[in-house]
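Shown below: model-v3.csv, with CSV, C-alpha atoms.
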chain,number,residue,atom,x,y,z
A,6,MET,CA,-1.0,-246.1,118.8
A,7,ALA,CA,-1.4,-249.6,117.6
A,8,VAL,CA,-0.8,-250.4,114.0
A,9,ASP,CA,-3.5,-252.4,112.2
A,10,GLU,CA,-2.3,-256.0,112.1
A,11,GLY,CA,-3.5,-256.6,108.5
A,12,LEU,CA,-2.0,-253.4,107.3
A,13,LYS,CA,1.3,-254.3,108.9
A,14,ILE,CA,1.5,-257.6,107.2
A,15,GLU,CA,0.5,-256.0,103.9
A,16,LEU,CA,3.2,-253.4,104.3
A,17,GLY,CA,5.7,-256.1,105.3
A,18,LYS,CA,5.1,-257.8,101.9
A,19,GLN,CA,6.0,-254.6,100.2
A,20,GLY,CA,9.2,-254.4,102.2
A,21,VAL,CA,8.1,-251.7,104.6
A,22,PHE,CA,8.6,-252.4,108.3
A,23,VAL,CA,6.2,-250.7,110.6
A,24,THR,CA,6.5,-250.7,114.4
A,25,THR,CA,5.6,-248.7,117.5
A,26,ILE,CA,7.8,-247.3,120.2
A,27,GLU,CA,6.0,-249.6,122.6
A,28,GLU,CA,6.8,-252.7,120.6
A,29,LEU,CA,10.5,-251.8,120.2
A,30,TYR,CA,10.8,-250.9,123.9
A,31,ASN,CA,9.2,-254.2,125.1
A,32,TRP,CA,11.2,-256.2,122.5
A,33,GLY,CA,14.3,-254.8,124.1
A,34,ARG,CA,13.1,-255.4,127.6
A,35,ARG,CA,11.9,-258.9,127.1
A,36,ASN,CA,15.1,-260.0,125.4
A,37,SER,CA,17.5,-258.7,128.1
A,38,VAL,CA,16.1,-260.0,131.3
A,39,TRP,CA,19.0,-260.6,133.7
A,40,PRO,CA,18.3,-263.0,136.5
A,41,MET,CA,19.9,-262.6,139.9
A,42,GLN,CA,22.5,-265.2,140.7
A,43,PHE,CA,21.3,-267.1,143.8
A,44,GLY,CA,19.9,-270.4,144.6
A,45,LEU,CA,18.0,-271.4,147.7
A,46,ALA,CA,17.6,-275.2,147.5
A,47,CYS,CA,17.5,-278.2,145.1
A,48,CYS,CA,15.6,-276.3,142.4
A,49,ALA,CA,18.8,-274.2,142.0
A,50,ILE,CA,20.4,-277.3,140.4
A,51,GLU,CA,17.7,-277.3,137.8
A,52,MET,CA,18.2,-273.6,137.3
A,53,ILE,CA,21.9,-274.0,136.8
A,54,ALA,CA,21.2,-276.8,134.3
A,55,THR,CA,18.9,-274.4,132.4
A,56,THR,CA,21.7,-272.0,132.0
A,57,MET,CA,24.1,-274.6,130.7
A,58,ALA,CA,24.7,-275.7,127.1
A,59,ARG,CA,22.0,-278.4,126.9
A,60,TYR,CA,19.1,-276.1,127.7
A,61,ASP,CA,20.8,-272.8,127.0
A,62,LEU,CA,18.9,-270.0,128.6
A,63,ALA,CA,21.1,-267.7,126.5
A,64,ARG,CA,18.7,-268.2,123.7
A,65,PHE,CA,16.3,-265.9,125.6
A,66,GLY,CA,18.9,-263.3,126.4
A,67,ALA,CA,18.9,-264.3,130.0
A,68,GLU,CA,22.2,-266.1,130.5
A,69,VAL,CA,23.8,-263.2,132.4
A,70,PHE,CA,23.2,-264.1,136.0
A,71,ARG,CA,24.2,-261.0,138.0
A,72,PRO,CA,25.7,-261.4,141.4
A,73,SER,CA,24.3,-258.1,142.6
A,74,PRO,CA,20.6,-257.1,142.9
A,75,ARG,CA,21.4,-253.7,141.5
A,76,GLN,CA,22.1,-255.2,138.0
A,77,ALA,CA,19.3,-257.8,138.0
A,78,ASP,CA,15.8,-257.7,136.6
A,79,LEU,CA,14.5,-261.1,137.5
A,80,MET,CA,14.5,-263.0,140.8
A,81,ILE,CA,14.2,-266.7,140.4
A,82,ILE,CA,13.1,-268.1,143.8
A,83,SER,CA,14.6,-271.5,143.3
A,84,GLY,CA,13.7,-273.6,146.2
A,85,THR,CA,12.5,-273.7,149.8
A,86,VAL,CA,12.4,-270.4,151.5
A,87,THR,CA,13.0,-270.9,155.2
A,88,LYS,CA,11.8,-268.3,157.7
A,89,LYS,CA,15.5,-267.6,158.4
A,90,MET,CA,16.1,-266.8,154.8
A,91,ALA,CA,12.9,-264.9,153.9
A,92,PRO,CA,14.0,-261.5,155.3
A,93,GLN,CA,17.1,-261.7,153.1
A,94,VAL,CA,15.1,-262.6,150.0
A,95,VAL,CA,12.7,-259.7,150.6
A,96,ARG,CA,15.6,-257.3,151.2
A,97,LEU,CA,17.3,-258.4,148.0
A,98,TYR,CA,14.1,-257.9,146.1
A,99,ASN,CA,13.9,-254.4,147.5
A,100,GLN,CA,17.4,-253.7,146.3
A,101,MET,CA,16.7,-254.8,142.7
A,102,ALA,CA,16.4,-252.1,140.1
A,103,GLU,CA,13.0,-251.4,138.5
A,104,PRO,CA,11.3,-253.0,136.6
A,105,ARG,CA,11.8,-256.2,138.4
A,106,TYR,CA,10.1,-259.6,138.1
A,107,VAL,CA,9.9,-262.7,140.2
A,108,ILE,CA,9.5,-266.4,139.2
A,109,ALA,CA,8.6,-268.7,142.0
A,110,MET,CA,10.2,-272.0,141.0
A,111,GLY,CA,8.9,-275.2,142.4
A,112,ALA,CA,6.4,-276.3,144.9
A,113,CYS,CA,8.4,-275.0,147.9
A,114,ALA,CA,8.6,-271.4,146.6
A,115,ILE,CA,4.9,-271.5,145.7
A,116,SER,CA,3.5,-273.0,148.9
A,117,GLY,CA,6.2,-274.6,151.1
A,118,GLY,CA,5.8,-277.8,149.1
A,119,PRO,CA,6.6,-281.1,150.9
A,120,PHE,CA,8.0,-279.0,153.8
A,121,LYS,CA,4.8,-277.0,154.2
A,122,GLN,CA,4.2,-278.5,157.7
A,123,GLY,CA,7.7,-277.5,158.9
A,124,TYR,CA,7.8,-274.9,161.5
A,125,ASN,CA,10.7,-273.2,159.8
A,126,VAL,CA,9.4,-273.1,156.2
A,127,LEU,CA,7.7,-270.1,154.6
A,128,LYS,CA,4.5,-271.2,153.0
A,129,GLY,CA,5.1,-269.4,149.7
A,130,ILE,CA,7.2,-266.4,148.9
A,131,ASP,CA,4.1,-264.6,147.4
A,132,ARG,CA,3.2,-263.7,151.0
A,133,TYR,CA,5.9,-261.0,150.9
A,134,ILE,CA,6.7,-260.0,147.3
A,135,PRO,CA,4.6,-260.0,144.2
A,136,VAL,CA,5.3,-263.1,142.0
A,137,ASP,CA,4.8,-262.9,138.3
A,138,VAL,CA,5.1,-266.5,137.3
A,139,HIS,CA,4.6,-269.7,139.4
A,140,ILE,CA,6.0,-273.0,138.1
A,141,PRO,CA,4.9,-276.1,139.9
A,142,GLY,CA,7.2,-279.2,140.1
A,143,CYS,CA,9.5,-280.8,142.6
A,144,PRO,CA,11.8,-279.7,141.2
A,145,PRO,CA,10.5,-278.3,137.8
A,146,ARG,CA,12.6,-279.6,134.9
A,147,PRO,CA,14.6,-277.0,133.0
A,148,GLU,CA,12.0,-277.1,130.3
A,149,ALA,CA,9.5,-275.9,132.9
A,150,LEU,CA,11.8,-273.0,133.9
A,151,ILE,CA,12.1,-272.1,130.2
A,152,GLN,CA,8.3,-272.2,129.9
A,153,ALA,CA,8.1,-269.8,132.9
A,154,PHE,CA,10.6,-267.6,131.2
A,155,MET,CA,8.7,-267.5,128.0
A,156,THR,CA,5.6,-266.7,129.9
A,157,LEU,CA,7.4,-263.8,131.6
A,158,GLN,CA,8.6,-262.6,128.2
A,159,LYS,CA,5.0,-262.7,126.9
A,160,LYS,CA,3.9,-260.8,130.0
A,161,ILE,CA,6.5,-258.1,129.4
A,162,ASP,CA,5.6,-258.0,125.8
A,163,GLU,CA,2.0,-257.3,126.5
A,164,GLN,CA,2.6,-254.5,129.0
A,165,PRO,CA,1.4,-251.2,127.6
A,166,LEU,CA,3.7,-248.2,128.4
A,167,THR,CA,0.8,-246.0,129.5
A,168,GLY,CA,-2.5,-246.5,131.3
A,169,ALA,CA,-3.5,-249.4,133.5
A,170,GLY,CA,-1.2,-252.4,133.5
A,171,ARG,CA,1.9,-250.4,132.6
A,172,PRO,CA,5.3,-251.6,134.0
A,173,ARG,CA,6.0,-250.6,137.6
A,174,HIS,CA,8.9,-248.3,136.8
A,175,LEU,CA,6.6,-246.1,134.6
A,176,ASP,CA,4.0,-246.0,137.4
A,177,ALA,CA,4.9,-243.4,140.0
A,178,GLU,CA,2.1,-244.7,142.3
A,179,ALA,CA,3.3,-248.4,142.2
A,180,GLN,CA,4.7,-249.7,145.4
A,181,GLY,CA,8.5,-249.6,145.4
A,182,GLU,CA,9.4,-250.8,148.9
A,183,PHE,CA,8.1,-254.0,150.4
A,184,PRO,CA,8.4,-254.3,154.2
A,185,VAL,CA,11.1,-256.8,155.3
A,186,PRO,CA,9.7,-259.3,157.8
A,187,GLU,CA,11.5,-259.7,161.1
A,188,GLN,CA,12.0,-262.7,163.3
A,189,GLY,CA,9.3,-262.8,166.0
A,190,ALA,CA,8.9,-265.0,169.0
A,191,HIS,CA,7.1,-267.7,167.0
A,192,ASP,CA,6.9,-266.6,163.4
A,193,LEU,CA,8.0,-263.9,161.1
A,194,GLU,CA,6.4,-260.6,161.8
A,195,PRO,CA,4.3,-259.7,159.9
A,196,THR,CA,3.3,-263.1,158.6
A,197,SER,CA,2.5,-261.5,155.2
A,198,ASN,CA,2.6,-258.2,153.5
A,199,LYS,CA,-0.6,-256.3,153.1
A,200,GLY,CA,-1.6,-255.6,149.5
A,201,VAL,CA,0.6,-258.5,148.3
A,202,TRP,CA,-1.2,-261.4,149.9
A,203,THR,CA,-4.7,-261.6,151.3
A,204,VAL,CA,-5.0,-264.0,154.2
A,205,PRO,CA,-7.4,-266.7,153.1
A,206,VAL,CA,-10.4,-267.2,155.3
A,207,VAL,CA,-10.5,-270.7,156.9
A,208,ILE,CA,-13.9,-272.3,156.9
A,209,ARG,CA,-14.2,-275.1,159.5
B,1,MET,CA,49.7,-216.5,126.2
B,2,ALA,CA,49.8,-218.9,123.3
B,3,SER,CA,53.5,-218.2,122.9
B,4,ASN,CA,54.2,-219.8,126.2
B,5,SER,CA,55.7,-223.3,125.7
B,6,TYR,CA,53.5,-224.8,128.3
B,7,PHE,CA,50.3,-223.6,126.6
B,8,SER,CA,49.8,-226.8,124.6
B,9,LEU,CA,50.3,-228.8,127.9
B,10,ALA,CA,47.5,-226.8,129.5
B,11,VAL,CA,45.2,-227.4,126.5
B,12,LEU,CA,46.0,-231.2,126.7
B,13,PHE,CA,45.3,-231.2,130.4
B,14,LEU,CA,41.9,-229.6,129.9
B,15,ALA,CA,41.1,-232.1,127.2
B,16,ALA,CA,42.1,-235.0,129.4
B,17,LEU,CA,40.0,-233.7,132.2
B,18,GLY,CA,37.0,-233.3,129.9
B,19,PHE,CA,37.5,-236.8,128.5
B,20,GLY,CA,37.2,-238.2,132.0
B,21,LEU,CA,34.4,-236.0,133.2
B,22,ALA,CA,32.2,-236.0,130.1
B,23,PRO,CA,31.0,-239.6,130.4
B,24,LEU,CA,30.2,-239.1,134.1
B,25,VAL,CA,28.2,-236.0,133.4
B,26,LEU,CA,26.4,-237.6,130.4
B,27,ALA,CA,25.6,-240.7,132.5
B,28,TRP,CA,24.2,-238.5,135.3
B,29,LEU,CA,22.1,-236.5,132.8
B,30,TRP,CA,20.8,-239.7,131.2
B,31,GLY,CA,19.9,-241.1,134.6
B,32,LYS,CA,18.2,-237.8,135.6
B,33,ALA,CA,16.0,-237.9,132.5
B,34,PHE,CA,15.3,-241.6,131.9
B,35,SER,CA,16.1,-243.8,134.9
B,36,PRO,CA,13.1,-245.3,136.5
B,37,ALA,CA,13.9,-244.1,140.0
B,38,LYS,CA,12.0,-245.8,142.8
B,39,PRO,CA,14.4,-245.3,145.6
B,40,ASN,CA,13.8,-246.5,149.1
B,41,ALA,CA,15.9,-246.8,152.3
B,42,ILE,CA,16.7,-250.5,151.7
B,43,LYS,CA,17.6,-249.9,148.0
B,44,ASN,CA,19.9,-247.1,149.0
B,45,SER,CA,21.7,-249.1,151.7
B,46,ILE,CA,25.3,-250.2,151.1
B,47,TYR,CA,25.6,-254.0,151.3
B,48,GLU,CA,24.0,-256.3,148.8
B,49,CYS,CA,24.1,-259.8,150.2
B,50,GLY,CA,20.7,-259.5,151.8
B,51,LEU,CA,22.0,-258.9,155.3
B,52,GLU,CA,22.1,-255.5,156.9
B,53,SER,CA,25.6,-254.1,157.1
B,54,ARG,CA,27.0,-253.7,160.6
B,55,GLY,CA,29.7,-251.3,161.7
B,56,ASP,CA,31.8,-249.0,159.7
B,57,ALA,CA,33.9,-249.8,156.6
B,58,TRP,CA,36.5,-247.2,157.8
B,59,MET,CA,38.1,-249.5,160.3
B,60,GLN,CA,41.7,-249.7,161.4
B,61,PHE,CA,44.0,-252.6,160.4
B,62,ARG,CA,46.9,-253.7,162.5
B,63,SER,CA,50.0,-251.9,161.4
B,64,ALA,CA,52.0,-255.1,162.0
B,65,TYR,CA,50.6,-256.4,158.7
B,66,TYR,CA,53.4,-254.4,156.9
B,67,LEU,CA,55.7,-257.4,157.6
B,68,TYR,CA,53.5,-259.7,155.4
B,69,ALA,CA,53.5,-257.1,152.7
B,70,ILE,CA,57.3,-256.9,152.7
B,71,ILE,CA,57.7,-260.7,152.7
B,72,PHE,CA,55.2,-260.9,149.8
B,73,LEU,CA,57.3,-258.3,148.0
B,74,ILE,CA,60.4,-260.4,148.4
B,75,PHE,CA,58.9,-263.3,146.5
B,76,ASP,CA,57.0,-261.1,144.1
B,77,VAL,CA,60.1,-259.1,142.9
B,78,GLU,CA,62.1,-262.3,142.8
B,79,ALA,CA,59.6,-264.0,140.5
B,80,VAL,CA,59.4,-260.9,138.2
B,81,PHE,CA,63.2,-260.8,137.7
B,82,LEU,CA,63.8,-264.6,137.7
B,83,LEU,CA,61.4,-265.3,134.9
B,84,PRO,CA,63.2,-263.3,132.1
B,85,PHE,CA,66.5,-264.5,133.5
B,86,ALA,CA,65.3,-268.1,133.2
B,87,VAL,CA,64.1,-267.6,129.7
B,88,ALA,CA,67.4,-266.1,128.5
B,89,PHE,CA,69.5,-268.5,130.7
B,90,THR,CA,71.3,-270.4,127.9
B,91,GLY,CA,72.5,-267.2,126.2
B,92,LEU,CA,73.9,-265.6,129.4
B,93,GLY,CA,77.5,-265.3,130.5
B,94,ALA,CA,79.1,-265.9,133.9
B,95,ALA,CA,78.8,-262.2,134.8
B,96,ALA,CA,75.0,-262.2,134.4
B,97,CYS,CA,74.7,-265.4,136.5
B,98,GLY,CA,76.8,-263.8,139.2
B,99,ALA,CA,74.7,-260.6,139.2
B,100,MET,CA,71.6,-262.7,139.5
B,101,LEU,CA,73.1,-264.8,142.3
B,102,VAL,CA,73.8,-261.5,144.2
B,103,PHE,CA,70.3,-260.4,143.7
B,104,VAL,CA,68.8,-263.7,144.9
B,105,LEU,CA,71.1,-263.8,147.8
B,106,MET,CA,70.0,-260.3,148.8
B,107,LEU,CA,66.4,-261.3,148.8
B,108,ILE,CA,67.3,-264.5,150.7
B,109,GLU,CA,69.0,-262.4,153.3
B,110,GLY,CA,65.7,-260.4,153.7
B,111,LEU,CA,63.8,-263.7,154.1
B,112,ALA,CA,66.4,-265.0,156.6
B,113,TRP,CA,66.1,-261.7,158.6
B,114,ALA,CA,62.3,-262.1,158.7
B,115,TRP,CA,62.7,-265.7,159.7
B,116,ALA,CA,65.2,-264.9,162.5
B,117,LYS,CA,62.8,-262.2,163.7
B,118,GLY,CA,60.1,-264.8,164.1
B,119,VAL,CA,57.7,-263.3,161.5
B,120,LEU,CA,57.1,-266.6,159.8
B,121,THR,CA,55.7,-268.1,163.0
B,122,TRP,CA,52.0,-267.6,163.0
B,123,ALA,CA,51.1,-266.2,166.4
Here is the file; what I need is its structure written in the form of structure tokens.
Amino acid sequence: MAVDEGLKIELGKQGVFVTTIEELYNWGRRNSVWPMQFGLACCAIEMIATTMARYDLARFGAEVFRPSPRQADLMIISGTVTKKMAPQVVRLYNQMAEPRYVIAMGACAISGGPFKQGYNVLKGIDRYIPVDVHIPGCPPRPEALIQAFMTLQKKIDEQPLTGAGRPRHLDAEAQGEFPVPEQGAHDLEPTSNKGVWTVPVVIR
Amino acid sequence: MASNSYFSLAVLFLAALGFGLAPLVLAWLWGKAFSPAKPNAIKNSIYECGLESRGDAWMQFRSAYYLYAIIFLIFDVEAVFLLPFAVAFTGLGAAACGAMLVFVLMLIEGLAWAWAKGVLTWA
């Protein structure tokens, strides 16, 4: 049950702090997002810079980069996803604990970027796994990654614990496993996961 | 029963056992009640580098590796005893130096034996 905003401020002036379970729960969740420690290409350098002292991702509670998907909440797709690498990325995503989030960092992770025409480059990781935040840039500056992070925090904060739009771990119906693509004769098979990505209709 | 002198030991043993097991049981119960379980075959698999694991972890290692273990031990034990010896070196008499010399010579003898046996040559 939501607390009336005006009443909350009025009570705060009187020294009474009012909150809801939902607010507390999401406050905890958004301030303890642990990213997974892996970098795919040059965007990873910017990601590393973001965690270092100058940009200091620790301010957002996300400095703990975990080397295991079991302990990570956030996957930062930092760079070009080649078709060789895509199955591993999807498998790691499957191994992450719920609730899990994905940031597609940079032009390559979003769409293939400057290497889009390459036969070996995946044209966007959102063909296989649901992406929460896309950040454009080649590579995006650390400020842009922090912006993406704050956007994700906002998104987590706004998730209700019940009803539509609740986080995936509280939704028994939500999809938990995403099929891992396999190397086919000419391309990855399948070329995209159903329900995650709708193949755009080409009009010639 | 309580008059038995080993009674307190048994109580301590049970307490120690409970101390170890209680966190495990509590963690299991907490997980049962609250953990957002969305298991799938990939999540329950063993390896975590993104690749599928191949083969069995319960493989055999060559027994000949014992030689490397023994040679490692020679240097390891030597370092452990030499360090306090070196720290207290100025305050030690001739007898202590002699004893240490015998110790080091014994270890050198082991190394010489391994050398003579051809263990140090990487085949």
Please return, as a PyMOL selection string, all residues of chain B lying within 9 Å of chain A when only C-alpha atoms are considered. chain B and resi 35-45+48-52
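Put simply, atom CA of Pro119 of chain A is 9.5 Å away from atom CA of Thr85 of chain A.
For the pair atom CA of Cys47 of chain A and atom CA of Gly111 of chain A, the interatomic distance is 9.5 Å.
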What lies within 9 Å of Val38 of chain A using all atoms listed in the file, ignoring chain neighbours under 2 positions off, as a PyMOL selection string? chain A and resi 34-36+40+65-69+77-79+158
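The two atoms in question, atom CA of Ile140 of chain A and atom CA of Gly118 of chain A, are spaced 12.0 Å apart.
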Can you pull out the residues contacting Met106 of chain B? Cut-off 12 Å, using all atoms listed in the file, and skip same-chain residues under 5 positions away; I want them as a CSV table (one decimal) with C-alpha atoms, keeping the file's coordinate frame.
chain,number,residue,atom,x,y,z
B,74,ILE,CA,60.4,-260.4,148.4
B,75,PHE,CA,58.9,-263.3,146.5
B,77,VAL,CA,60.1,-259.1,142.9
B,78,GLU,CA,62.1,-262.3,142.8
B,99,ALA,CA,74.7,-260.6,139.2
B,100,MET,CA,71.6,-262.7,139.5
B,101,LEU,CA,73.1,-264.8,142.3
B,111,LEU,CA,63.8,-263.7,154.1
B,112,ALA,CA,66.4,-265.0,156.6
B,113,TRP,CA,66.1,-261.7,158.6
What would segment 39-57 of chain A look like with N, CA and C atoms restored, written as a short mmCIF file (atom, residue, chain, number, x, y, z; two decimals), keeping the file's coordinate frame?
data_model
loop_
_atom_site.label_atom_id
_atom_site.label_comp_id
_atom_site.auth_asym_id
_atom_site.auth_seq_id
_atom_site.Cartn_x
_atom_site.Cartn_y
_atom_site.Cartn_z
N TRP A 39 17.86 -259.98 132.98
CA TRP A 39 19.00 -260.60 133.70
C TRP A 39 18.57 -261.11 135.03
N PRO A 40 18.69 -262.42 135.22
CA PRO A 40 18.30 -263.00 136.50
C PRO A 40 19.36 -262.71 137.58
N MET A 41 18.93 -262.79 138.81
CA MET A 41 19.90 -262.60 139.90
C MET A 41 20.47 -264.00 140.24
N GLN A 42 21.75 -263.99 140.54
CA GLN A 42 22.50 -265.20 140.70
C GLN A 42 22.38 -265.67 142.20
N PHE A 43 21.37 -266.43 142.51
CA PHE A 43 21.30 -267.10 143.80
C PHE A 43 20.38 -268.23 143.79
N GLY A 44 20.72 -269.27 144.52
CA GLY A 44 19.90 -270.40 144.60
C GLY A 44 19.56 -270.75 146.02
N LEU A 45 18.36 -271.21 146.28
CA LEU A 45 18.00 -271.40 147.70
C LEU A 45 18.04 -272.92 148.05
N ALA A 46 17.65 -273.80 147.14
CA ALA A 46 17.60 -275.20 147.50
C ALA A 46 17.83 -276.04 146.22
N CYS A 47 17.27 -277.25 146.20
CA CYS A 47 17.50 -278.20 145.10
C CYS A 47 17.06 -277.69 143.75
N CYS A 48 16.02 -276.82 143.71
CA CYS A 48 15.60 -276.30 142.40
C CYS A 48 16.71 -275.49 141.76
N ALA A 49 17.64 -274.97 142.56
CA ALA A 49 18.80 -274.20 142.00
C ALA A 49 19.57 -275.05 141.05
N ILE A 50 19.66 -276.38 141.33
CA ILE A 50 20.40 -277.30 140.40
C ILE A 50 19.79 -277.30 139.06
N GLU A 51 18.45 -277.35 139.04
CA GLU A 51 17.70 -277.30 137.80
C GLU A 51 17.93 -275.97 137.07
N MET A 52 17.95 -274.91 137.89
CA MET A 52 18.20 -273.60 137.30
C MET A 52 19.55 -273.47 136.69
N ILE A 53 20.54 -274.05 137.37
CA ILE A 53 21.90 -274.00 136.80
C ILE A 53 21.94 -274.82 135.52
N ALA A 54 21.26 -275.99 135.53
CA ALA A 54 21.20 -276.80 134.30
C ALA A 54 20.59 -276.03 133.17
N THR A 55 19.57 -275.21 133.49
CA THR A 55 18.90 -274.40 132.40
C THR A 55 19.85 -273.45 131.76
N THR A 56 20.81 -272.94 132.54
CA THR A 56 21.70 -272.00 132.00
C THR A 56 22.83 -272.61 131.16
N MET A 57 23.01 -273.93 131.35
CA MET A 57 24.10 -274.60 130.70
C MET A 57 23.81 -274.96 129.27
#
